[in-house]
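Student: This is upload_2.txt, which holds compact mmCIF, C-alpha atoms:
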# COMPACT_ATOMS: atom_id res chain seq x y z
CA MET A 200 -11.28 43.94 -16.72
CA LYS A 201 -9.82 45.17 -13.45
CA LYS A 202 -12.07 42.80 -11.53
CA ILE A 203 -10.89 39.87 -13.61
CA LEU A 204 -7.26 40.81 -13.02
CA LEU A 205 -7.94 41.17 -9.31
CA LEU A 206 -9.54 37.74 -9.25
CA ILE A 207 -6.58 36.21 -11.05
CA VAL A 208 -4.11 37.85 -8.66
CA THR A 209 -6.19 36.75 -5.66
CA PHE A 210 -6.36 33.20 -6.95
CA PHE A 211 -2.60 33.27 -7.52
CA MET A 212 -1.95 34.56 -4.01
CA VAL A 213 -4.27 31.97 -2.47
CA SER A 214 -2.52 29.24 -4.46
CA ILE A 215 0.81 30.39 -3.07
CA CYS A 216 -0.49 30.58 0.47
CA MET A 217 -2.10 27.14 0.33
CA GLY A 218 -0.08 24.05 1.09
CA VAL A 219 1.69 22.51 4.01
CA ASP A 220 1.72 24.55 7.19
CA TYR A 221 4.61 24.44 9.64
CA LEU A 222 4.52 24.91 13.38
CA LYS A 223 7.56 26.64 14.79
CA MET A 224 8.76 25.11 18.04
CA PRO A 225 10.62 26.98 20.81
CA ASP A 226 13.97 25.52 19.72
CA GLY A 227 13.49 26.87 16.19
CA LYS A 228 12.70 23.56 14.55
CA SER A 229 9.41 23.22 12.71
CA ILE A 230 6.95 20.38 12.48
CA THR A 231 4.33 19.40 9.98
CA ILE A 232 2.68 16.25 8.72
CA VAL A 233 2.90 14.77 5.25
CA ASN A 234 1.31 11.59 4.03
CA SER A 235 2.57 9.05 1.54
CA SER A 236 1.16 11.12 -1.34
CA THR A 237 2.66 14.47 -0.38
CA ALA A 238 5.88 13.47 1.38
CA ILE A 239 8.09 13.16 -1.69
CA GLU A 240 7.09 16.55 -3.10
CA GLU A 241 7.38 18.34 0.23
CA LYS A 242 10.75 16.81 1.08
CA LYS A 243 12.00 17.69 -2.39
CA LYS A 244 10.90 21.27 -1.81
CA VAL A 245 12.65 21.40 1.57
CA ARG A 246 15.88 20.10 0.05
CA GLU A 247 15.67 22.51 -2.89
CA GLU A 248 15.44 25.36 -0.39
CA ASP A 249 18.52 23.92 1.28
CA ARG A 250 16.72 23.39 4.55
CA GLU A 251 17.59 20.51 6.81
CA ILE A 252 15.25 17.60 7.42
CA TYR A 253 15.77 16.34 10.94
CA ILE A 254 13.33 13.50 10.89
CA HIS A 255 10.46 11.99 8.93
CA ASP A 256 8.45 9.31 10.69
CA LEU A 257 6.82 7.16 8.05
CA MET A 258 4.21 5.81 10.42
CA THR A 259 2.75 9.12 11.55
CA GLY A 260 3.93 11.25 8.63
CA ILE A 261 5.49 13.79 10.97
CA LEU A 262 8.23 15.79 9.35
CA ILE A 263 10.57 17.81 11.55
CA SER A 264 12.67 20.21 9.56
CA GLU A 265 14.31 23.58 9.45
CA ASN A 266 11.86 26.22 8.21
CA PRO A 267 12.47 29.93 8.83
CA SER A 268 8.99 30.79 7.53
CA ALA A 269 7.26 28.54 10.09
CA LYS A 270 4.94 30.32 12.49
CA GLU A 271 4.42 29.93 16.20
CA TYR A 272 0.87 29.00 17.18
CA THR A 273 -0.64 28.24 20.54
CA HIS A 274 -1.89 24.67 20.53
CA ALA A 275 -4.58 22.65 22.25
CA GLY A 276 -2.06 20.25 23.83
CA ASN A 277 -3.59 17.03 25.10
CA TYR A 278 -7.15 18.28 24.90
CA GLU A 279 -9.34 16.06 22.74
CA LEU A 280 -12.00 17.78 20.69
CA PRO A 281 -15.51 16.38 21.12
CA PRO A 282 -17.71 15.53 18.12
CA LEU A 283 -19.30 18.46 16.28
CA THR A 284 -16.44 20.80 17.18
CA LYS A 285 -15.94 23.31 14.39
CA LEU A 286 -12.47 23.63 12.93
CA TYR A 287 -11.01 26.71 11.27
CA ASP A 288 -8.09 27.62 9.05
CA LYS A 289 -5.47 30.14 10.12
CA GLU A 290 -7.53 32.99 8.68
CA GLY A 291 -10.47 31.98 10.86
CA ASN A 292 -12.64 30.49 8.12
CA GLU A 293 -14.67 27.49 9.15
CA ILE A 294 -13.36 24.56 7.10
CA ALA A 295 -14.31 21.33 8.88
CA THR A 296 -16.23 19.66 11.69
CA VAL A 297 -15.08 16.89 13.99
CA ILE A 298 -17.12 13.71 13.57
CA GLY A 299 -15.31 11.87 16.33
CA MET A 300 -12.15 9.99 17.26
CA GLU A 301 -11.37 6.92 15.20
CA SER A 302 -9.02 4.17 16.33
CA ARG A 303 -9.65 1.71 13.53
CA LYS A 304 -10.12 1.66 9.80
CA ASP A 305 -12.15 -1.21 8.41
CA SER A 306 -10.93 -4.24 10.36
CA ARG A 307 -7.49 -2.82 11.04
CA THR A 308 -6.13 -0.72 13.85
CA LEU A 309 -4.74 2.78 13.43
CA PRO A 310 -1.43 3.51 15.18
CA PHE A 311 -3.30 6.01 17.38
CA SER A 312 -6.72 7.63 17.38
CA TYR A 313 -7.24 10.18 14.62
CA TYR A 314 -9.93 12.82 14.37
CA ARG A 315 -12.38 11.92 11.68
CA VAL A 316 -13.42 15.21 10.12
CA GLN A 317 -15.91 16.35 7.55
CA TYR A 318 -14.85 19.17 5.24
CA LYS A 319 -17.08 22.13 4.71
CA ASN A 320 -16.12 22.64 1.09
CA ASP A 321 -13.07 21.22 -0.63
CA ASP A 322 -10.72 18.46 0.40
CA LEU A 323 -8.06 19.54 2.84
CA GLU A 324 -4.47 19.03 1.87
CA SER A 325 -2.22 16.95 4.06
CA GLY A 326 -0.36 19.33 6.36
CA SER A 327 -3.20 21.83 6.63
CA PHE A 328 -3.53 23.20 10.15
CA LEU A 329 -6.92 23.01 11.86
CA PHE A 330 -7.67 25.42 14.67
CA ASN A 331 -10.38 25.38 17.32
CA GLU A 332 -12.62 28.32 18.23
CA GLU A 333 -9.98 29.60 20.63
CA LYS A 334 -7.57 29.82 17.67
CA GLU A 335 -5.43 27.06 19.12
CA LEU A 336 -3.86 24.55 16.78
CA ALA A 337 -5.92 21.42 17.46
CA ALA A 338 -5.12 19.06 14.60
CA ILE A 339 -3.11 18.67 11.42
CA MET A 340 -4.75 17.21 8.36
CA TYR A 341 -3.31 13.82 7.48
CA THR A 342 -5.28 12.30 4.64
CA ALA A 343 -8.63 12.20 2.92
CA ASP A 344 -10.75 9.09 3.22
CA ARG A 345 -11.08 7.68 -0.26
CA LYS A 346 -14.28 5.87 0.62
CA TYR A 347 -16.26 8.84 1.86
CA LYS A 348 -16.48 12.12 0.03
CA SER A 349 -15.59 15.20 2.09
CA GLN A 350 -14.21 13.17 4.95
CA GLY A 351 -10.72 12.49 6.17
CA TYR A 352 -8.35 11.88 9.05
CA ALA A 353 -6.64 14.60 11.02
CA THR A 354 -3.80 14.00 13.48
CA PRO A 355 -4.42 15.42 16.96
CA VAL A 356 -1.75 17.98 17.74
CA LYS A 357 -0.81 15.97 20.84
CA ALA A 358 0.38 13.13 18.57
CA ALA A 359 2.68 15.49 16.70
CA LEU A 360 3.94 16.89 20.01
CA ARG A 361 4.64 13.38 21.31
CA GLU A 362 6.83 12.71 18.28
CA TYR A 363 8.60 16.00 18.74
CA GLU A 364 9.17 15.32 22.43
CA ASP A 365 10.62 11.88 21.68
CA PHE A 366 12.92 13.35 19.04
CA THR A 367 14.17 16.18 21.23
CA LYS A 368 14.57 13.87 24.25
CA ASN A 369 16.06 10.80 22.60
CA GLY A 370 17.17 11.98 19.17
CA LYS A 371 14.93 9.32 17.65
CA ILE A 372 11.28 8.46 17.29
CA ARG A 373 10.59 5.06 18.72
CA ARG A 374 7.59 3.14 20.04
CA CYS A 375 7.75 1.92 23.60
CA TRP A 376 6.63 -1.07 25.55
CA ILE A 377 6.58 -2.34 29.11
CA GLY A 378 6.62 -6.04 28.24
CA ILE A 379 3.06 -7.30 28.53
CA ILE A 380 1.14 -9.54 26.18
CA THR A 381 -2.58 -9.00 26.35
CA SER A 382 -5.21 -11.64 25.80
CA LYS A 383 -6.35 -12.22 22.24
CA SER A 384 -9.74 -13.43 23.39
CA GLY A 385 -12.20 -10.98 24.82
CA SER A 386 -12.10 -7.23 24.58
CA LEU A 387 -10.62 -6.45 27.99
CA PRO A 388 -6.85 -6.05 28.05
CA GLU A 389 -6.12 -8.90 30.45
CA ILE A 390 -2.44 -9.73 30.84
CA GLU A 391 -1.74 -13.12 29.30
CA SER A 392 1.97 -13.12 29.97
CA VAL A 393 4.76 -10.82 31.09
CA ARG A 394 8.12 -10.54 29.38
CA PRO A 395 11.01 -10.94 31.82
CA GLU A 396 13.38 -8.10 32.63
CA LEU A 397 11.13 -5.41 31.21
CA PRO A 398 9.33 -2.63 33.15
CA ALA A 399 6.09 -4.57 33.72
CA ALA A 400 7.91 -7.62 35.13
CA ASN A 401 10.20 -5.40 37.19
CA GLY A 402 7.14 -3.58 38.52
CA GLY A 403 5.50 -6.84 39.65
CA ILE A 404 2.80 -7.17 36.98
CA LYS A 405 1.49 -10.73 36.76
CA LYS A 406 -0.53 -12.87 34.43
CA GLY A 407 -4.24 -12.27 34.98
CA ASP A 408 -3.90 -8.59 35.89
CA ILE A 409 -6.21 -6.34 33.90
CA LEU A 410 -4.98 -3.06 32.46
CA LEU A 411 -7.36 -0.28 33.47
CA SER A 412 -5.67 2.96 32.44
CA ILE A 413 -2.49 4.56 31.19
CA ALA A 414 -1.64 8.14 32.07
CA GLY A 415 -5.17 8.57 33.35
CA LYS A 416 -6.76 7.46 30.10
CA PRO A 417 -9.16 4.52 30.52
CA ILE A 418 -8.37 1.36 28.61
CA THR A 419 -11.31 -0.79 27.65
CA ASN A 420 -10.18 -2.58 24.53
CA PHE A 421 -7.29 -3.34 22.19
CA HIS A 422 -7.61 -0.08 20.25
CA ASP A 423 -7.44 1.99 23.45
CA THR A 424 -4.29 0.10 24.38
CA VAL A 425 -2.65 0.77 21.01
CA ASP A 426 -3.58 4.46 21.24
CA ALA A 427 -2.31 4.83 24.81
CA PHE A 428 0.99 3.07 24.09
CA PHE A 429 1.59 5.35 21.11
CA TYR A 430 1.94 8.30 23.48
CA LEU A 431 4.55 6.68 25.70
CA VAL A 432 8.04 8.06 25.35
CA ASP A 433 11.20 6.12 26.06
CA GLY A 434 12.40 6.83 29.59
CA LYS A 435 9.43 9.01 30.56
CA PRO A 436 7.58 7.49 33.55
CA GLU A 437 3.81 7.12 33.24
CA GLN A 438 1.08 6.12 35.61
CA PHE A 439 -0.42 2.67 34.96
CA SER A 440 -3.48 1.24 36.69
CA PHE A 441 -4.23 -2.47 36.84
CA MET A 442 -6.88 -4.55 38.55
CA ARG A 443 -5.77 -7.59 40.55
CA ASP A 444 -8.15 -9.72 42.63
CA GLY A 445 -10.75 -6.98 42.57
CA GLU A 446 -8.33 -4.33 43.81
CA LYS A 447 -6.80 -1.41 41.94
CA LEU A 448 -3.07 -1.45 41.54
CA ASP A 449 -1.37 1.83 40.63
CA LEU A 450 2.17 1.78 39.34
CA SER A 451 4.58 4.24 37.84
CA LEU A 452 6.42 2.47 35.05
CA GLU A 453 9.14 3.76 32.80
CA PRO A 454 8.51 2.44 29.27
CA VAL A 455 11.48 1.47 27.16
CA ALA A 456 11.99 1.61 23.43
CA ARG A 457 11.39 -1.64 21.62
CA MET B 207 -4.57 -49.11 -51.08
CA LYS B 208 -4.72 -46.68 -53.94
CA ASP B 209 -3.49 -49.31 -56.39
CA SER B 210 -6.09 -51.81 -55.32
CA ASN B 211 -8.78 -49.19 -55.78
CA CYS B 212 -7.51 -48.42 -59.22
CA LYS B 213 -7.52 -52.08 -60.12
CA ASN B 214 -11.05 -52.46 -58.88
CA ASN B 215 -12.14 -49.47 -60.87
CA PHE B 216 -10.46 -50.89 -63.90
CA VAL B 217 -12.19 -54.23 -63.47
CA GLU B 218 -15.49 -52.48 -63.07
CA LEU B 219 -14.81 -50.44 -66.13
CA GLN B 220 -14.01 -53.54 -68.14
CA ALA B 221 -17.22 -55.13 -66.93
CA LEU B 222 -19.12 -52.03 -67.95
CA LEU B 223 -17.54 -52.00 -71.35
CA LYS B 224 -18.31 -55.65 -71.86
CA GLY B 225 -21.95 -54.83 -71.46
CA LYS B 226 -21.57 -52.32 -74.26
CA GLU B 227 -20.17 -54.82 -76.81
CA ASP B 228 -23.35 -54.74 -78.86
CA LEU B 229 -23.19 -51.09 -79.32
CA THR B 230 -22.61 -50.02 -82.88
CA PRO B 231 -20.54 -48.68 -84.30
CA PRO B 232 -17.84 -50.43 -82.35
CA CYS B 233 -16.57 -47.65 -80.44
CA ASP B 234 -13.24 -46.96 -78.91
CA LEU B 235 -15.02 -46.10 -75.76
CA GLU B 236 -12.77 -48.45 -73.85
CA SER B 237 -9.60 -46.80 -74.99
CA ASP B 238 -11.04 -43.29 -74.38
CA PHE B 239 -12.21 -44.33 -71.00
CA LEU B 240 -8.91 -45.95 -70.20
CA GLU B 241 -6.97 -42.98 -71.38
CA ASP B 242 -9.11 -40.67 -69.33
CA PHE B 243 -8.85 -43.02 -66.46
CA HIS B 244 -5.06 -43.21 -66.69
CA LEU B 245 -4.84 -39.47 -66.97
CA LYS B 246 -7.01 -39.19 -63.98
CA LEU B 247 -4.95 -41.74 -62.12
CA ARG B 248 -1.76 -39.97 -63.05
CA SER B 249 -3.20 -36.67 -61.96
CA GLU B 250 -4.34 -38.17 -58.70
CA SER B 251 -1.00 -39.82 -58.27
CA ILE B 252 0.75 -36.49 -58.84
CA GLN B 253 -1.64 -34.87 -56.43
CA GLN B 254 -1.01 -37.69 -54.01
CA SER B 255 2.74 -37.38 -54.28
CA SER B 256 2.50 -33.59 -54.11
CA LEU B 257 0.41 -33.90 -51.00
CA SER B 258 2.87 -36.34 -49.51
CA LEU B 259 5.71 -34.04 -50.39
CA PHE B 260 3.84 -31.09 -48.97
CA GLY B 261 3.10 -33.06 -45.82
CA GLU B 262 6.69 -34.07 -45.46
CA ARG B 263 7.88 -30.52 -46.03
CA LEU B 264 5.30 -29.19 -43.61
CA GLN B 265 6.37 -31.69 -41.03
CA GLU B 266 9.99 -30.80 -41.64
CA ARG B 267 9.29 -27.07 -41.42
CA LEU B 268 7.15 -27.46 -38.36
CA SER B 269 9.86 -29.51 -36.80
CA ASN B 270 12.47 -26.92 -37.77
CA PHE B 271 10.23 -24.16 -36.43
CA LEU B 272 9.12 -25.86 -33.29
CA LYS B 273 12.49 -27.06 -32.13
CA PRO B 274 14.04 -23.58 -31.80
CA THR B 275 10.69 -22.16 -30.67
CA ILE B 276 10.55 -24.61 -27.82
CA VAL B 277 14.16 -23.90 -26.99
CA TRP B 278 13.55 -20.14 -27.23
CA SER B 279 10.36 -20.32 -25.22
CA SER B 280 12.05 -22.27 -22.48
CA ALA B 281 15.00 -19.90 -22.50
CA SER B 282 12.69 -16.86 -22.48
CA LEU B 283 10.60 -18.27 -19.66
CA ALA B 284 13.69 -19.01 -17.64
CA THR B 285 15.06 -15.52 -18.35
CA VAL B 286 11.79 -13.84 -17.40
CA THR B 287 11.54 -15.90 -14.21
CA LEU B 288 15.11 -15.06 -13.32
CA ALA B 289 14.53 -11.38 -14.09
CA LEU B 290 11.42 -11.35 -11.93
CA ILE B 291 13.23 -13.00 -9.04
CA LEU B 292 16.20 -10.64 -9.41
CA GLY B 293 13.91 -7.65 -9.88
CA TYR B 294 11.91 -8.53 -6.80
CA SER B 295 15.05 -8.98 -4.72
CA LEU B 296 16.61 -5.77 -6.01
CA ASN B 297 13.38 -3.85 -5.60
CA LYS B 298 12.99 -5.13 -2.07
CA GLU B 299 16.55 -4.21 -1.29
CA GLN B 300 16.17 -0.83 -3.00
CA LEU B 301 12.93 -0.14 -1.15
CA SER B 302 14.61 -0.82 2.16
CA GLU B 303 17.53 1.40 1.24
CA ASN B 304 15.21 4.15 0.05
CA GLU B 305 13.20 4.01 3.20
CA ILE B 306 16.31 4.31 5.30
CA ALA B 307 17.79 6.99 3.06
CA SER B 308 14.56 8.95 2.88
CA HIS B 309 14.75 9.79 6.55
CA ASN B 310 18.05 11.57 6.22
CA SER B 311 17.90 11.68 9.97
CA PRO B 312 18.48 9.56 13.04
CA ILE B 313 14.98 8.06 12.92
CA ASP B 314 14.93 4.43 13.84
CA SER B 315 14.04 3.29 10.36
CA GLN B 316 14.91 -0.27 11.27
CA TYR B 317 12.04 -0.10 13.69
CA ILE B 318 9.65 0.89 10.93
CA LEU B 319 10.89 -1.94 8.76
CA LYS B 320 10.48 -4.21 11.75
CA VAL B 321 6.94 -3.14 12.45
CA LYS B 322 6.15 -3.41 8.79
CA SER B 323 7.29 -6.98 8.64
CA GLN B 324 6.42 -8.18 12.10
CA GLU B 325 3.43 -6.24 13.25
CA GLY B 326 1.51 -6.22 10.02
CA ILE B 327 1.65 -2.49 9.46
CA ASP B 328 0.28 -1.57 6.08
CA PHE B 329 1.54 1.50 4.23
CA ASP B 330 -0.24 0.75 0.98
CA GLY B 331 -3.07 3.09 1.73
CA THR B 332 -2.62 6.72 2.66
CA ILE B 333 -3.00 5.88 6.33
CA PRO B 334 -0.95 3.23 8.12
CA THR B 335 -2.89 0.50 9.87
CA PHE B 336 -1.99 -2.48 12.02
CA SER B 337 -3.42 -5.93 12.02
CA ASN B 338 -5.10 -6.86 15.27
CA LEU B 339 -2.97 -9.94 15.75
CA GLU B 340 -0.11 -8.38 17.65
CA GLN B 341 -0.98 -7.67 21.26
CA ASP B 342 2.53 -7.29 22.57
CA PHE B 343 2.94 -4.06 24.46
Translate the structure described by the file into structure tokens.

Tutor:
Amino acid sequence: MKKILLLIVTFFMVSICMGVDYLKMPDGKSITIVNSSTAIEEKKKVREEDREIYIHDLMTGILISENPSAKEYTHAGNYELPPLTKLYDKEGNEIATVIGMESRKDSRTLPFSYYRVQYKNDDLESGSFLFNEEKELAAIMYTADRKYKSQGYATPVKAALREYEDFTKNGKIRRCWIGIITSKSGSLPEIESVRPELPAANGGIKKGDILLSIAGKPITNFHDTVDAFFYLVDGKPEQFSFMRDGEKLDLSLEPVAR
Amino acid sequence: MKDSNCKNNFVELQALLKGKEDLTPPCDLESDFLEDFHLKLRSESIQQSSLSLFGERLQERLSNFLKPTIVWSSASLATVTLALILGYSLNKEQLSENEIASHNSPIDSQYILKVKSQEGIDFDGTIPTFSNLEQDF
């Protein structure tokens, strides 16, 4: 009888503990990620607790709010986890494995590259924190993949940090551009045209130049370009590399919000 | 048409009876036959007129039924179409307002609406995706 009661209490406690995790930032704000299925419920909960919601980006699901119970965790920053990396919950239990980075879903492009993960047991709720072996926050669960059982998409922590940086710097979350239109034919991001009076034109980029890298990350196709541009923040200079007439052209450009 | 048929039948009947003249005792077969025949004709005539009356009434009722039905159907169709158009417009407007209101923050929601409409972003699934058509960076 006692064992049964203990099990019930344990289950109850686990149920309470489960749910959306929040990362406490140095300025006291907290960040988490909710998807289209969990956003309404979570935001309702935040409002019921009379906590302030600072921002909710529909595209990435990032929710920045006031949350006194949020915890500070060290995070993996810009480090990308290789395939087969084991992921753990905050108690140190192994819960998932990285399959790889995914920049597209079916024939469509994702706004940035997500970790595709395989769960060890049950589905992971959106907002669940995933830690690496070093107990650093590496990713935040975004959504399950309806097509494949025990698989889903997790947002790299660097994507959440990018959103937070943009919000704290500019008070908004906005995508940036430099004013280039890449070729629709072929996989290489060759510049087809340059928009006048935007950073690329001001920096001397011309039609026919080929984009090689952004912030040190190699660009080889359209999906790489989308992923790299996601991380640009309005007014924050980044290093761009182009190829022109067989020569490398390095430029520091300051992206602007669209 | 009916009258001519009756006449023909009568002529045939007379011809038939003529052939029976030798029958003894002289029977009143003719009169019986004629009486039956007239009764039959009368009955048929009543049936005919009843049928005509029924047809007329049916036509009248159908006409009375169909006229308002057509009017009602047209009105209903127009109302439903109007409601759908209004509903769609309101829903679209409401959706936009909800999306903006849901942020409760200085997020550039107009941008999201813009990317939704212009860059082919799809929020229908649980993960947003872009079409590959836009290559404007």

Student: With a distance cut-off of 10 Å and all atoms listed in the file, select the neighbouring residues of A:Glu333, excluding the residue or stretch itself and same-chain residues fewer than 2 positions from it, and output the selection as number ranges by chain.

Tutor: A: 273-275, 287, 330-331, 335-337

Student: Here is a test: counting all atoms listed in the file, which residue of B:Ile333, B:Ala281, B:Leu272, B:Arg263 is nearest to A:Arg345?

Tutor: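 Distance minimum relative to A:Arg345 lands on B:Ile333.
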
Student: For stretch 278-287 of chain B, what centre and edge lengths in Å (one decimal) does the axis-aligned box get once 6 Å is added on each side of all its listed atoms, as JSON?

Tutor:
{"center_x": 12.7, "center_y": -18.1, "center_z": -20.7, "size_x": 16.7, "size_y": 20.4, "size_z": 25.0}

Student: Could you give me, as a list in words, the residues within 7 Å of A:Met300, counting all atoms listed in the file and dropping anything in the same chain fewer than 5 positions from it?

Tutor: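 So, after excluding close chain neighbours, the residues are Ser312, Tyr313, Tyr314 and Arg315 of chain A.
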
Student: Using all atoms listed in the file, tabulate the residues of chain A lying at most 8 Å from any atom of chain B, each with its closest atom pair and that distance in Å to one decimal, by chain and increasing residue number, as CSV.

Tutor:
residue,atom,partner,partner_atom,distance
A:Asn234,CA,B:Thr332,CA,6.4
A:Ser235,CA,B:Thr332,CA,5.8
A:Ser236,CA,B:Thr332,CA,7.0
A:Ile252,CA,B:Asn310,CA,6.8
A:Tyr253,CA,B:Ser311,CA,5.2
A:Ile254,CA,B:Ser311,CA,5.0
A:His255,CA,B:His309,CA,5.4
A:Asp256,CA,B:Ile313,CA,7.0
A:Leu257,CA,B:Ile318,CA,7.5
A:Met258,CA,B:Pro334,CA,6.2
A:Thr259,CA,B:Pro334,CA,7.8
A:Arg303,CA,B:Thr335,CA,7.8
A:Lys304,CA,B:Thr335,CA,7.3
A:Ser306,CA,B:Ser337,CA,7.9
A:Arg307,CA,B:Ser337,CA,5.2
A:Thr308,CA,B:Phe336,CA,4.9
A:Leu309,CA,B:Thr335,CA,4.6
A:Pro310,CA,B:Thr335,CA,6.3
A:Thr342,CA,B:Thr332,CA,6.5
A:Gly370,CA,B:Pro312,CA,6.7
A:Lys371,CA,B:Ile313,CA,4.9
A:Ile372,CA,B:Ile313,CA,5.7
A:Arg373,CA,B:Asp314,CA,6.6
A:Cys375,CA,B:Phe343,CA,7.7
A:Trp376,CA,B:Phe343,CA,4.9
A:Ile377,CA,B:Phe343,CA,6.2
A:Gly378,CA,B:Phe343,CA,5.6
A:Ile379,CA,B:Phe343,CA,5.2
A:Ile380,CA,B:Asp342,CA,4.5
A:Thr381,CA,B:Gln341,CA,5.5
A:Ser382,CA,B:Gln341,CA,7.4
A:Lys383,CA,B:Gln341,CA,7.1
A:Phe421,CA,B:Gln341,CA,7.7
A:Phe428,CA,B:Phe343,CA,7.4

Student: Kindly indicate which residue among A:Asp305, A:Glu248, A:Glu332, A:Asp433 lies nearest to A:Glu362, using all atoms listed in the file for the distances.

Tutor: A:Asp433

Student: Do you have the atom CA of A:Leu448-atom CA of A:Ala400 distance handy?

Tutor: 14.1 Å

Student: Atom CA of A:Gly276 to atom CA of A:Lys348: how many Å, to one decimal?

Tutor: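 Distance between the two atoms: 29.0 Å.
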
Student: Within 9 Å of A:Gly218, counting all atoms listed in the file, which residues show up once you throw out same-chain ones fewer than 5 positions away? Write them as a VMD selection string, please.

Tutor: chain A and resid 324 to 327
